[in-house]
file structure_1.cif (mmCIF, C-alpha atoms)
data_entry
loop_
_atom_site.label_atom_id
_atom_site.label_comp_id
_atom_site.auth_asym_id
_atom_site.auth_seq_id
_atom_site.Cartn_x
_atom_site.Cartn_y
_atom_site.Cartn_z
CA MET U 17 -115.54 -4.47 40.62
CA PRO U 18 -118.55 -3.17 38.61
CA GLU U 19 -120.07 -5.81 36.37
CA ASN U 20 -120.31 -3.42 33.39
CA ARG U 21 -116.67 -2.42 33.42
CA LYS U 22 -115.00 -3.67 30.27
CA VAL U 23 -111.76 -5.59 30.72
CA PRO U 24 -108.82 -4.22 28.67
CA ARG U 25 -108.00 -6.61 25.82
CA ARG U 26 -104.39 -7.17 26.93
CA ILE U 27 -105.53 -8.17 30.41
CA ALA U 28 -108.41 -10.30 29.12
CA ARG U 29 -106.09 -12.24 26.80
CA THR U 30 -103.58 -12.86 29.60
CA VAL U 31 -106.28 -13.96 32.06
CA LEU U 32 -108.01 -16.36 29.67
CA ASN U 33 -104.77 -17.86 28.31
CA SER U 34 -103.37 -18.36 31.82
CA LEU U 35 -106.53 -19.94 33.21
CA LYS U 36 -106.90 -22.23 30.21
CA GLY U 37 -103.28 -23.31 30.74
CA GLY U 38 -104.01 -24.09 34.39
CA VAL U 39 -101.87 -21.30 35.86
CA VAL U 40 -102.74 -18.16 37.80
CA PRO U 41 -102.37 -14.85 35.93
CA ARG U 42 -100.40 -12.08 37.63
CA ILE U 43 -102.69 -9.36 36.31
CA GLY U 44 -106.45 -8.97 36.00
CA LEU U 45 -107.39 -11.01 39.08
CA PRO U 46 -109.99 -8.51 40.38
CA TYR U 47 -112.02 -9.12 37.22
CA VAL U 48 -112.46 -12.82 38.00
CA THR U 49 -112.27 -13.03 41.79
CA VAL U 50 -115.27 -14.93 43.17
CA GLY U 51 -115.79 -16.23 46.69
CA ARG U 52 -112.96 -16.36 49.24
CA LYS U 53 -114.32 -13.16 50.80
CA ASN U 54 -113.77 -14.39 54.36
CA GLU U 55 -110.28 -15.71 53.62
CA ILE U 56 -109.28 -12.44 51.96
CA GLN U 57 -110.63 -10.41 54.89
CA ALA U 58 -108.62 -12.54 57.33
CA LEU U 59 -105.41 -11.99 55.37
CA LEU U 60 -106.07 -8.28 55.01
CA HIS U 61 -106.36 -8.09 58.79
CA ASP U 62 -102.75 -9.36 58.88
CA VAL U 63 -101.78 -6.58 56.46
CA ASP U 64 -102.94 -3.95 58.95
CA ILE U 65 -100.93 -5.61 61.74
CA ILE U 66 -97.78 -5.69 59.59
CA SER U 67 -98.06 -2.04 58.57
CA GLU U 68 -98.26 -1.12 62.27
CA GLY U 69 -94.92 -2.83 63.01
CA GLY U 70 -96.07 -6.38 63.67
CA ALA U 71 -95.55 -9.60 61.74
CA SER U 72 -97.67 -12.54 60.58
CA PHE U 73 -97.31 -16.09 59.30
CA ARG U 74 -100.04 -17.98 57.45
CA PHE U 75 -100.39 -21.28 55.63
CA ILE U 76 -102.88 -21.40 52.74
CA VAL U 77 -103.84 -25.08 52.42
CA GLY U 78 -105.78 -26.52 49.51
CA ARG U 79 -105.62 -29.30 46.94
CA TYR U 80 -104.08 -28.76 43.50
CA GLY U 81 -106.40 -26.51 41.53
CA SER U 82 -108.44 -25.45 44.57
CA GLY U 83 -107.46 -21.79 44.26
CA LYS U 84 -104.65 -21.36 46.81
CA SER U 85 -102.23 -19.87 44.26
CA PHE U 86 -105.08 -17.65 43.03
CA LEU U 87 -105.69 -16.42 46.58
CA ILE U 88 -101.98 -15.79 47.14
CA GLN U 89 -101.74 -13.76 43.92
CA THR U 90 -104.87 -11.80 44.85
CA ILE U 91 -103.33 -10.81 48.17
CA ARG U 92 -100.04 -10.04 46.40
CA ASN U 93 -101.72 -7.51 44.12
CA TYR U 94 -103.68 -5.98 46.98
CA VAL U 95 -100.71 -5.40 49.29
CA MET U 96 -98.65 -3.86 46.47
CA ASP U 97 -101.48 -1.36 45.97
CA LYS U 98 -101.24 -0.65 49.71
CA GLY U 99 -97.58 0.29 49.45
CA PHE U 100 -95.98 -3.04 50.38
CA ILE U 101 -92.97 -4.63 48.77
CA VAL U 102 -93.68 -8.24 47.83
CA ALA U 103 -91.21 -11.10 47.32
CA ASP U 104 -92.54 -14.41 46.03
CA ALA U 105 -91.03 -17.76 45.08
CA ASP U 106 -92.12 -21.32 44.32
CA LEU U 107 -90.14 -24.06 46.05
CA SER U 108 -88.62 -26.80 43.89
CA PRO U 109 -85.97 -29.53 44.23
CA GLU U 110 -83.37 -26.75 43.77
CA ARG U 111 -85.10 -24.25 46.07
CA ARG U 112 -85.85 -25.15 49.69
CA LEU U 113 -85.77 -23.44 53.07
CA GLN U 114 -82.57 -25.25 54.02
CA GLY U 115 -80.13 -27.40 52.06
CA THR U 116 -76.64 -28.82 51.86
CA ARG U 117 -75.99 -27.56 48.33
CA GLY U 118 -77.24 -23.99 48.49
CA GLN U 119 -80.98 -24.73 48.10
CA GLY U 120 -81.92 -22.30 50.87
CA LEU U 121 -79.78 -19.55 49.36
CA ALA U 122 -81.38 -20.30 45.98
CA THR U 123 -84.79 -19.54 47.51
CA TYR U 124 -83.44 -16.26 48.90
CA ARG U 125 -82.06 -15.31 45.48
CA GLU U 126 -85.41 -16.08 43.87
CA LEU U 127 -87.24 -13.95 46.45
CA ILE U 128 -84.89 -10.98 46.03
CA GLY U 129 -84.99 -11.33 42.25
CA ASN U 130 -88.79 -11.21 42.41
CA LEU U 131 -89.01 -8.14 44.64
CA SER U 132 -92.02 -6.23 43.35
CA THR U 133 -93.69 -2.90 44.01
CA LYS U 134 -96.78 -1.19 42.64
CA THR U 135 -94.66 0.57 40.02
CA ARG U 136 -92.56 -2.55 39.26
CA PRO U 137 -95.01 -5.45 39.67
CA GLU U 138 -93.05 -7.82 37.43
CA GLY U 139 -90.11 -8.07 39.87
CA GLY U 140 -86.50 -6.89 39.85
CA ALA U 141 -87.32 -3.83 41.97
CA LEU U 142 -84.31 -3.81 44.34
CA THR U 143 -82.23 -1.21 42.45
CA LEU U 144 -85.33 0.91 41.88
CA VAL U 145 -86.15 0.87 45.60
CA LEU U 146 -82.60 1.83 46.64
CA ASP U 147 -82.38 4.68 44.12
CA ARG U 148 -85.84 5.95 45.09
CA TRP U 149 -84.83 5.90 48.76
CA ILE U 150 -81.70 7.94 48.11
CA SER U 151 -83.58 10.47 45.97
CA THR U 152 -86.21 10.84 48.70
CA VAL U 153 -83.57 11.38 51.38
CA GLN U 154 -81.82 13.97 49.23
CA MET U 155 -85.07 15.84 48.63
CA GLN U 156 -85.99 15.79 52.33
CA ALA U 157 -82.54 17.05 53.32
CA ALA U 158 -82.75 19.86 50.77
CA GLN U 159 -86.18 20.94 52.02
CA GLU U 160 -85.14 20.86 55.67
CA SER U 161 -81.81 22.66 55.19
CA GLY U 162 -82.77 25.02 52.39
CA LEU U 163 -79.50 24.16 50.63
CA MET U 164 -79.15 23.68 46.87
CA PRO U 165 -77.84 20.52 45.10
CA GLY U 166 -74.05 20.63 44.83
CA ASP U 167 -73.61 22.44 48.12
CA PRO U 168 -71.16 20.52 50.39
CA GLY U 169 -73.46 21.27 53.31
CA LEU U 170 -76.30 19.39 51.61
CA THR U 171 -74.09 16.32 51.20
CA LYS U 172 -73.40 16.36 54.94
CA ALA U 173 -77.12 16.75 55.69
CA VAL U 174 -77.92 13.76 53.48
CA ASP U 175 -75.13 11.78 55.19
CA ARG U 176 -76.77 12.45 58.56
CA LYS U 177 -80.17 11.25 57.35
CA ILE U 178 -78.64 8.14 55.80
CA PHE U 179 -76.91 7.47 59.10
CA GLU U 180 -80.24 7.77 60.96
CA VAL U 181 -81.59 4.89 58.88
CA THR U 182 -78.49 2.71 58.99
CA ALA U 183 -78.10 3.21 62.75
CA GLN U 184 -81.52 1.64 63.31
CA LEU U 185 -80.52 -1.37 61.22
CA SER U 186 -77.17 -1.79 63.00
CA GLU U 187 -78.97 -2.99 66.12
CA LEU U 188 -80.32 -6.08 64.31
CA VAL U 189 -78.54 -9.37 63.57
CA HIS U 190 -76.09 -8.74 60.69
CA GLY U 191 -77.39 -5.19 60.67
CA PHE U 192 -73.99 -3.51 60.88
CA GLU U 193 -72.75 -5.03 57.62
CA PHE U 194 -76.12 -4.43 55.99
CA ALA U 195 -76.02 -0.75 57.04
CA THR U 196 -72.41 -0.42 55.86
CA LEU U 197 -73.39 -1.64 52.40
CA LEU U 198 -76.37 0.70 52.24
CA SER U 199 -74.06 3.60 53.04
CA ARG U 200 -71.58 2.40 50.41
CA TYR U 201 -74.37 2.21 47.84
CA TYR U 202 -75.42 5.78 48.66
CA HIS U 203 -71.90 7.18 48.18
CA ALA U 204 -71.51 5.24 44.93
CA TYR U 205 -74.85 6.69 43.79
CA VAL U 206 -73.73 10.26 44.56
CA GLN U 207 -70.37 9.76 42.86
CA GLY U 208 -71.85 8.01 39.81
CA ASP U 209 -69.85 4.87 40.57
CA ASP U 210 -72.04 2.29 38.83
CA GLN U 211 -69.48 -0.49 39.31
CA THR U 212 -69.62 -0.25 43.11
CA LYS U 213 -73.41 0.03 43.00
CA MET U 214 -73.62 -3.25 41.10
CA LYS U 215 -71.24 -4.94 43.54
CA VAL U 216 -73.48 -3.95 46.44
CA ILE U 217 -76.57 -5.16 44.58
CA ARG U 218 -74.77 -8.41 43.85
CA TRP U 219 -74.07 -8.83 47.58
CA PHE U 220 -77.68 -8.10 48.51
CA ARG U 221 -78.80 -10.72 45.99
CA GLY U 222 -76.62 -13.34 47.69
CA GLU U 223 -74.37 -13.81 44.69
CA TYR U 224 -71.03 -13.76 46.52
CA SER U 225 -69.92 -17.31 47.29
CA LEU U 226 -66.60 -16.52 48.98
CA LYS U 227 -66.01 -14.22 51.97
CA ARG U 228 -62.60 -13.17 50.71
CA GLU U 229 -64.15 -11.97 47.45
CA ALA U 230 -66.68 -9.84 49.32
CA LYS U 231 -63.96 -8.46 51.58
CA ALA U 232 -61.72 -7.57 48.65
CA GLU U 233 -64.46 -5.81 46.69
CA LEU U 234 -66.68 -4.32 49.43
CA ALA U 235 -64.64 -4.52 52.68
CA VAL U 236 -67.28 -6.65 54.46
CA ASN U 237 -66.34 -9.88 56.21
CA ILE U 238 -69.58 -11.84 55.73
CA ILE U 239 -71.75 -13.12 52.90
CA ILE U 240 -75.32 -14.36 52.80
CA THR U 241 -75.44 -18.15 53.23
CA ASP U 242 -77.83 -21.08 53.41
CA ASP U 243 -77.94 -20.74 57.19
CA ASP U 244 -78.69 -17.04 57.64
CA TRP U 245 -80.58 -15.86 54.52
CA TYR U 246 -83.81 -15.42 56.47
CA ASP U 247 -82.10 -12.91 58.81
CA TYR U 248 -81.50 -10.66 55.81
CA LEU U 249 -85.16 -10.79 54.82
CA LYS U 250 -85.97 -9.45 58.29
CA LEU U 251 -83.42 -6.68 57.74
CA PHE U 252 -84.92 -5.83 54.36
CA ALA U 253 -88.40 -5.62 55.90
CA VAL U 254 -87.26 -3.00 58.41
CA PHE U 255 -85.24 -1.12 55.78
CA PHE U 256 -88.16 -1.01 53.35
CA ARG U 257 -90.30 0.51 56.07
CA LEU U 258 -87.65 3.15 56.77
CA ALA U 259 -87.45 3.75 53.00
CA GLY U 260 -91.13 4.72 52.91
CA TYR U 261 -92.94 1.44 52.17
CA ALA U 262 -95.66 -0.06 54.35
CA GLY U 263 -93.79 -3.32 54.93
CA MET U 264 -92.72 -6.53 53.22
CA MET U 265 -94.79 -9.58 52.32
CA ILE U 266 -93.04 -12.88 51.51
CA MET U 267 -95.03 -15.50 49.61
CA ILE U 268 -93.67 -19.02 49.23
CA ASP U 269 -95.74 -21.56 47.28
CA GLU U 270 -95.37 -25.25 46.45
CA LEU U 271 -94.42 -26.35 49.95
CA VAL U 272 -95.11 -29.86 48.67
CA ASN U 273 -91.51 -29.89 47.43
CA ILE U 274 -90.34 -30.16 51.05
CA TYR U 275 -92.84 -32.97 51.63
CA LYS U 276 -91.30 -34.80 48.65
CA ILE U 277 -87.72 -34.69 49.98
CA PRO U 278 -86.75 -38.36 50.34
CA ASN U 279 -84.22 -37.87 53.16
CA SER U 280 -85.97 -37.54 56.52
CA ILE U 281 -83.12 -35.56 58.15
CA THR U 282 -83.11 -33.03 55.32
CA ARG U 283 -86.90 -32.65 55.65
CA GLN U 284 -86.55 -32.06 59.38
CA TYR U 285 -83.95 -29.33 58.81
CA ASN U 286 -86.39 -27.60 56.46
CA TYR U 287 -89.21 -27.83 58.99
CA GLU U 288 -86.84 -26.50 61.65
CA LYS U 289 -86.18 -23.43 59.48
CA MET U 290 -89.94 -23.07 59.02
CA LEU U 291 -90.42 -23.20 62.79
CA THR U 292 -87.82 -20.44 63.23
CA MET U 293 -89.68 -18.22 60.77
CA TYR U 294 -93.01 -18.99 62.43
CA ASN U 295 -91.72 -18.27 65.94
CA ASP U 296 -90.03 -15.04 64.89
CA THR U 297 -93.21 -13.58 63.44
CA LEU U 298 -95.44 -14.56 66.36
CA GLN U 299 -92.96 -13.65 69.11
CA GLY U 300 -92.21 -10.17 67.80
CA LYS U 301 -88.66 -10.89 66.62
CA ALA U 302 -89.63 -9.79 63.10
CA ARG U 303 -91.17 -6.41 62.24
CA TYR U 304 -93.07 -5.15 59.20
CA LEU U 305 -92.93 -8.67 57.78
CA GLY U 306 -95.65 -11.04 56.60
CA ILE U 307 -95.09 -14.62 55.42
CA ILE U 308 -97.63 -16.67 53.48
CA MET U 309 -96.90 -20.28 52.46
CA GLY U 310 -99.04 -22.35 50.10
CA ALA U 311 -99.34 -26.12 50.56
CA THR U 312 -101.52 -29.13 49.81
CA PRO U 313 -103.33 -30.90 52.68
CA GLN U 314 -101.01 -33.90 52.40
CA ALA U 315 -97.90 -31.69 52.57
CA VAL U 316 -99.15 -30.28 55.88
CA GLU U 317 -101.06 -33.09 57.58
CA ASP U 318 -99.09 -36.24 56.75
CA ARG U 319 -97.60 -37.35 60.10
CA ARG U 320 -94.85 -39.29 58.37
CA ARG U 321 -93.45 -36.70 55.93
CA GLY U 322 -95.52 -33.54 56.11
CA VAL U 323 -95.27 -30.43 58.26
CA TYR U 324 -97.05 -32.32 61.04
CA SER U 325 -94.22 -34.87 61.15
CA TYR U 326 -92.30 -32.14 63.00
CA GLU U 327 -93.98 -32.19 66.39
CA ALA U 328 -93.09 -28.61 67.32
CA LEU U 329 -94.98 -27.40 64.24
CA ARG U 330 -97.87 -29.85 64.54
CA SER U 331 -98.60 -28.76 68.12
CA ARG U 332 -98.69 -25.12 66.98
CA LEU U 333 -100.65 -25.54 63.76
CA ALA U 334 -103.09 -28.42 64.27
CA GLU U 335 -106.74 -27.45 63.93
CA GLY U 336 -108.75 -27.10 67.13
CA LYS U 337 -111.68 -29.23 68.23
CA PHE U 338 -114.41 -26.91 67.05
CA SER U 339 -113.41 -26.09 63.45
CA ARG U 340 -115.13 -28.01 60.65
CA PRO U 341 -115.82 -27.53 56.92
CA GLY U 342 -117.97 -24.44 56.54
CA THR U 343 -117.01 -23.16 60.01
CA ARG U 344 -113.27 -22.57 59.90
CA ASP U 345 -111.24 -20.42 62.26
CA LEU U 346 -109.74 -18.00 59.74
CA LEU U 347 -107.68 -16.28 62.44
CA ALA U 348 -105.69 -19.49 62.98
CA PRO U 349 -102.23 -19.86 61.35
CA VAL U 350 -103.60 -22.38 58.83
CA ILE U 351 -106.34 -21.28 56.40
CA ARG U 352 -107.94 -24.30 54.75
CA LEU U 353 -109.69 -23.60 51.48
CA ASP U 354 -113.13 -25.16 51.14
CA PRO U 355 -114.17 -25.81 47.50
CA LEU U 356 -116.06 -23.08 45.65
CA ASN U 357 -119.74 -23.98 45.59
CA ALA U 358 -121.92 -24.25 42.48
CA GLU U 359 -123.34 -20.74 42.88
CA GLU U 360 -119.86 -19.20 43.05
CA MET U 361 -118.73 -21.18 40.00
CA LEU U 362 -121.82 -19.94 38.15
CA VAL U 363 -120.84 -16.32 38.83
CA LEU U 364 -117.25 -17.00 37.77
CA CYS U 365 -118.30 -18.64 34.50
CA GLY U 366 -120.52 -15.64 33.77
CA LYS U 367 -117.53 -13.29 34.21
CA LEU U 368 -115.38 -15.46 31.92
CA ALA U 369 -118.09 -15.64 29.24
CA ALA U 370 -118.42 -11.83 29.20
CA MET U 371 -114.62 -11.39 29.11
CA HIS U 372 -114.31 -13.89 26.22
CA ALA U 373 -117.01 -12.13 24.21
CA ASP U 374 -115.36 -8.72 24.70
CA LEU U 375 -111.92 -10.05 23.77
CA TYR U 376 -113.03 -11.65 20.51
CA ASP U 377 -115.63 -8.96 19.76
CA TYR U 378 -118.79 -11.03 19.44
CA GLU U 379 -122.21 -10.88 21.01
CA LYS U 380 -122.33 -13.05 24.11
CA GLN U 381 -124.27 -16.18 23.16
CA VAL U 382 -124.05 -18.24 26.33
CA SER U 383 -127.22 -17.60 28.33
CA ASP U 384 -127.63 -17.82 32.10
CA GLU U 385 -129.56 -21.06 31.54
CA ASP U 386 -126.61 -22.48 29.55
CA LEU U 387 -124.23 -21.54 32.36
CA ALA U 388 -126.47 -23.25 34.88
CA VAL U 389 -126.59 -26.44 32.78
CA PHE U 390 -122.79 -26.45 32.43
CA VAL U 391 -122.16 -25.97 36.16
CA GLN U 392 -124.81 -28.54 37.06
CA LEU U 393 -123.17 -31.11 34.77
CA GLU U 394 -119.73 -30.42 36.25
CA PHE U 395 -120.94 -30.77 39.82
CA SER U 396 -123.08 -33.85 39.14
CA ARG U 397 -120.18 -36.10 38.06
CA ILE U 398 -119.36 -39.08 40.23
CA GLY U 399 -116.98 -37.99 42.97
CA ALA U 400 -117.22 -34.29 42.05
CA ASP U 401 -118.28 -33.29 45.55
CA ALA U 402 -114.89 -34.38 46.91
CA ASN U 403 -112.57 -34.02 43.93
CA ILE U 404 -113.68 -31.28 41.55
CA THR U 405 -111.65 -28.06 41.71
CA PRO U 406 -112.04 -24.60 40.15
CA ARG U 407 -109.09 -25.32 37.85
CA GLU U 408 -110.88 -28.21 36.10
CA VAL U 409 -114.14 -26.32 35.75
CA ILE U 410 -112.47 -23.16 34.44
CA ARG U 411 -110.36 -25.03 31.89
CA ASP U 412 -113.41 -26.92 30.63
CA PHE U 413 -115.46 -23.74 30.34
CA ILE U 414 -112.82 -21.71 28.48
CA GLU U 415 -112.31 -24.63 26.09
CA LEU U 416 -116.08 -24.68 25.54
CA LEU U 417 -116.09 -20.93 24.77
CA ASP U 418 -113.15 -21.31 22.36
CA LEU U 419 -114.89 -24.14 20.50
CA LEU U 420 -118.12 -22.18 20.15
CA TYR U 421 -116.25 -19.12 18.90
CA GLN U 422 -114.25 -21.10 16.32
CA ASN U 423 -117.25 -23.17 15.21
CA PRO U 424 -120.31 -20.88 15.05
CA GLU U 425 -122.44 -23.71 13.72
CA LEU U 426 -122.09 -25.63 16.99
CA ASP U 427 -124.77 -25.43 19.66
CA ILE U 428 -123.71 -25.27 23.32
CA ARG U 429 -126.48 -27.61 24.46
CA SER U 430 -125.44 -30.28 21.97
CA LEU U 431 -121.84 -30.04 23.22
CA LEU U 432 -122.88 -30.30 26.85
CA GLU U 433 -125.15 -33.27 26.23
CA SER U 434 -122.67 -35.22 24.09
CA GLU U 435 -121.23 -38.51 25.32
CA ASP U 436 -117.69 -37.19 24.74
CA PHE U 437 -118.25 -34.39 27.26
CA SER U 438 -119.65 -36.84 29.81
CA TYR U 439 -116.72 -39.23 29.38
CA ALA U 440 -114.12 -36.45 29.60
CA LYS U 441 -115.54 -35.15 32.87
CA SER U 442 -115.72 -38.59 34.45
CA GLU U 443 -112.11 -39.19 33.44
CA ALA U 444 -111.03 -35.84 34.94
CA VAL U 445 -112.53 -36.72 38.31
CA SER U 446 -110.95 -40.15 38.20
CA ASP U 447 -107.55 -38.60 37.42
CA GLN U 448 -107.94 -36.27 40.38
CA LYS U 449 -108.36 -39.25 42.70
CA THR U 450 -105.32 -40.96 41.19
CA ASP U 451 -103.17 -37.82 41.52
CA ALA U 452 -104.20 -37.30 45.14
CA TYR U 453 -103.37 -40.90 46.01
CA ALA U 454 -100.05 -40.76 44.18
CA GLU U 455 -99.05 -37.57 45.98
CA PHE U 456 -100.04 -38.99 49.36
CA THR U 457 -98.03 -42.16 48.83
CA LEU U 458 -94.80 -40.50 47.60
#
call {"tool": "encode", "arguments": {"input": "structure_1.cif", "output": "structure tokens"}}
result
Amino acid sequence: MPENRKVPRRIARTVLNSLKGGVVPRIGLPYVTVGRKNEIQALLHDVDIISEGGASFRFIVGRYGSGKSFLIQTIRNYVMDKGFIVADADLSPERRLQGTRGQGLATYRELIGNLSTKTRPEGGALTLVLDRWISTVQMQAAQESGLMPGDPGLTKAVDRKIFEVTAQLSELVHGFEFATLLSRYYHAYVQGDDQTKMKVIRWFRGEYSLKREAKAELAVNIIITDDDWYDYLKLFAVFFRLAGYAGMMIMIDELVNIYKIPNSITRQYNYEKMLTMYNDTLQGKARYLGIIMGATPQAVEDRRRGVYSYEALRSRLAEGKFSRPGTRDLLAPVIRLDPLNAEEMLVLCGKLAAMHADLYDYEKQVSDEDLAVFVQLEFSRIGADANITPREVIRDFIELLDLLYQNPELDIRSLLESEDFSYAKSEAVSDQKTDAYAEFTL
């Protein structure tokens, strides 16, 4: 991204407000991406494999505020630009990989509800994708046959092309029913039957809770459940490829919510589902599908409650003997995020200062020397080497810019050298230690 390219005001406002609030913006990430070059390159290598018919599974592991969600969103935006369909969801007490009260199905519904494409990045793209697929098939059939719209022969030609797609899906687990519903959606589309279209969409979203209801309305004998929802994601990945997309990327963050499950048997069931997904992608049972999961180190490494408490996963994911901080194997299933260094934070703060000045239309007043003093102070706090994260530094810096903008009489050096600033930073580092310990001892 060229340094002199001005950030649109709408994007700048979203980026600054999100970062100050401690969350990752969905737009504008290329303007503030710093570091993580090697991690991004490793994940983009997976993208090439997926688009060629393969599959991948990665864990992005980092402490709260270390930038794992930022990295996941960066990859999300990149793969959408490359023609992928992306589905993302954060786990929670109500959304898991497996559950006894529909928590796994709730995760599936969230993923399908958040289906995004380059032209619909905000989610809710399922209907758009289906309608675009049908229009494309109709256009191809017309070009190949030379027939005009409305000709009965064209309808038969389109039927044949639809069948070519659905026949490929019928060979997969649950593929026959999936293909039947795609065909039903197509005929409802041609006939202008919006009611049937919505029933099919409702089924694809996992909103039917009773088999008899689905059979009565759509003449299919199965519904998507807690046990088999992942099979339908594999079907969608293949269908999206046949519909003209490069593949499907699934992004699941906040894996810590599985780590926090108090019941050990329930946790094990969730890790078992995770193992199934991992094995499928690496053994070639899934195609055109990438899975990225975000987790904290404790949620992965804790032998009592974390991912590593499930021996089949620990033996597959544990780091080898030769990896160490600064020399990580980024082709391994687990990518561990090392903290951004002071130089990278300096570059990031410079980008934010320029963006802030453009947004509020004032001459940038924070010099390179001021940036260096700020970063040096942040990184010189007691315990900062182990506990400071980009989130804390960014929030502090945007607050500093806001204060200077609202109070022109203030001097940045006086703010940085004040006792209040020193106390606040020490307290932030102390809180980080407390949070990490509390999370580990849940």
call {"tool": "residues_around", "arguments": {"input": "structure_1.cif", "residues": "segment 94-108 of chain U", "least_positions_apart": "6", "cutoff": "8 Å", "atoms": "all atoms listed in the file", "output": "JSON, numbers by chain"}}
result
{"U": [63, 123, 126, 127, 128, 130, 131, 132, 133, 134, 137, 256, 261, 262, 263, 264, 265, 266, 267, 268, 269, 270, 271, 273, 274]}
call {"tool": "atom_distance", "arguments": {"input": "structure_1.cif", "atom1": "atom CA of Ala259 of chain U", "atom2": "atom CA of Asp242 of chain U"}}
result
26.6 Å
call {"tool": "resolve_selection", "arguments": {"input": "structure_1.cif", "expression": "the PyMOL selection byres ((chain U and resi 351-367) around 8)", "output": "VMD selection string"}}
result
chain U and resid 47 to 51 55 74 to 78 82 to 84 341 to 342 344 to 350 368 to 371 384 387 to 388 391 to 392 395 405 to 406 410 413
call {"tool": "write_last_selection", "arguments": {"input": "structure_1.cif", "atoms": "C-alpha atoms", "output": "PDB file, in the frame of the given file"}}
result
ATOM      1  CA  TYR U  47    -112.020  -9.120  37.220  1.00  0.00           C
ATOM      2  CA  VAL U  48    -112.460 -12.820  38.000  1.00  0.00           C
ATOM      3  CA  THR U  49    -112.270 -13.030  41.790  1.00  0.00           C
ATOM      4  CA  VAL U  50    -115.270 -14.930  43.170  1.00  0.00           C
ATOM      5  CA  GLY U  51    -115.790 -16.230  46.690  1.00  0.00           C
ATOM      6  CA  GLU U  55    -110.280 -15.710  53.620  1.00  0.00           C
ATOM      7  CA  ARG U  74    -100.040 -17.980  57.450  1.00  0.00           C
ATOM      8  CA  PHE U  75    -100.390 -21.280  55.630  1.00  0.00           C
ATOM      9  CA  ILE U  76    -102.880 -21.400  52.740  1.00  0.00           C
ATOM     10  CA  VAL U  77    -103.840 -25.080  52.420  1.00  0.00           C
ATOM     11  CA  GLY U  78    -105.780 -26.520  49.510  1.00  0.00           C
ATOM     12  CA  SER U  82    -108.440 -25.450  44.570  1.00  0.00           C
ATOM     13  CA  GLY U  83    -107.460 -21.790  44.260  1.00  0.00           C
ATOM     14  CA  LYS U  84    -104.650 -21.360  46.810  1.00  0.00           C
ATOM     15  CA  PRO U 341    -115.820 -27.530  56.920  1.00  0.00           C
ATOM     16  CA  GLY U 342    -117.970 -24.440  56.540  1.00  0.00           C
ATOM     17  CA  ARG U 344    -113.270 -22.570  59.900  1.00  0.00           C
ATOM     18  CA  ASP U 345    -111.240 -20.420  62.260  1.00  0.00           C
ATOM     19  CA  LEU U 346    -109.740 -18.000  59.740  1.00  0.00           C
ATOM     20  CA  LEU U 347    -107.680 -16.280  62.440  1.00  0.00           C
ATOM     21  CA  ALA U 348    -105.690 -19.490  62.980  1.00  0.00           C
ATOM     22  CA  PRO U 349    -102.230 -19.860  61.350  1.00  0.00           C
ATOM     23  CA  VAL U 350    -103.600 -22.380  58.830  1.00  0.00           C
ATOM     24  CA  LEU U 368    -115.380 -15.460  31.920  1.00  0.00           C
ATOM     25  CA  ALA U 369    -118.090 -15.640  29.240  1.00  0.00           C
ATOM     26  CA  ALA U 370    -118.420 -11.830  29.200  1.00  0.00           C
ATOM     27  CA  MET U 371    -114.620 -11.390  29.110  1.00  0.00           C
ATOM     28  CA  ASP U 384    -127.630 -17.820  32.100  1.00  0.00           C
ATOM     29  CA  LEU U 387    -124.230 -21.540  32.360  1.00  0.00           C
ATOM     30  CA  ALA U 388    -126.470 -23.250  34.880  1.00  0.00           C
ATOM     31  CA  VAL U 391    -122.160 -25.970  36.160  1.00  0.00           C
ATOM     32  CA  GLN U 392    -124.810 -28.540  37.060  1.00  0.00           C
ATOM     33  CA  PHE U 395    -120.940 -30.770  39.820  1.00  0.00           C
ATOM     34  CA  THR U 405    -111.650 -28.060  41.710  1.00  0.00           C
ATOM     35  CA  PRO U 406    -112.040 -24.600  40.150  1.00  0.00           C
ATOM     36  CA  ILE U 410    -112.470 -23.160  34.440  1.00  0.00           C
ATOM     37  CA  PHE U 413    -115.460 -23.740  30.340  1.00  0.00           C
TER      38      PHE U 413
END
call {"tool": "residues_around", "arguments": {"input": "structure_1.cif", "residues": "His372 of chain U", "least_positions_apart": "3", "cutoff": "9 Å", "atoms": "only C-alpha atoms", "output": "ChimeraX atom specification"}}
result
/U:28-29,32,367-369,375-378,380,414,417-418
call {"tool": "atom_distance", "arguments": {"input": "structure_1.cif", "atom1": "atom CA of Ile56 of chain U", "atom2": "atom CA of Leu144 of chain U"}}
result
29.2 Å
call {"tool": "residues_near_point", "arguments": {"input": "structure_1.cif", "point": "(-80.5, -22.9, 56.7)", "cutoff": "12 Å", "atoms": "all atoms listed in the file", "output": "PyMOL selection string"}}
result
chain U and resi 111-124+240-247+282-293
call {"tool": "atom_distance", "arguments": {"input": "structure_1.cif", "atom1": "atom CA of Phe252 of chain U", "atom2": "atom CA of Gln57 of chain U"}}
result
26.1 Å
call {"tool": "closest_residue", "arguments": {"input": "structure_1.cif", "among": "U:Arg200, U:Arg320, U:Lys172, U:Arg228", "to": "Val216 of chain U", "atoms": "all atoms listed in the file"}}
result
U:Arg200
call {"tool": "closest_residue", "arguments": {"input": "structure_1.cif", "among": "U:Asp64, U:Phe86, U:Ile239, U:Leu420", "to": "Val31 of chain U", "atoms": "all atoms listed in the file"}}
result
U:Phe86
call {"tool": "closest_residue", "arguments": {"input": "structure_1.cif", "among": "U:Ser72, U:Glu408, U:Phe194, U:Ser280", "to": "Met309 of chain U", "atoms": "all atoms listed in the file"}}
result
U:Ser72
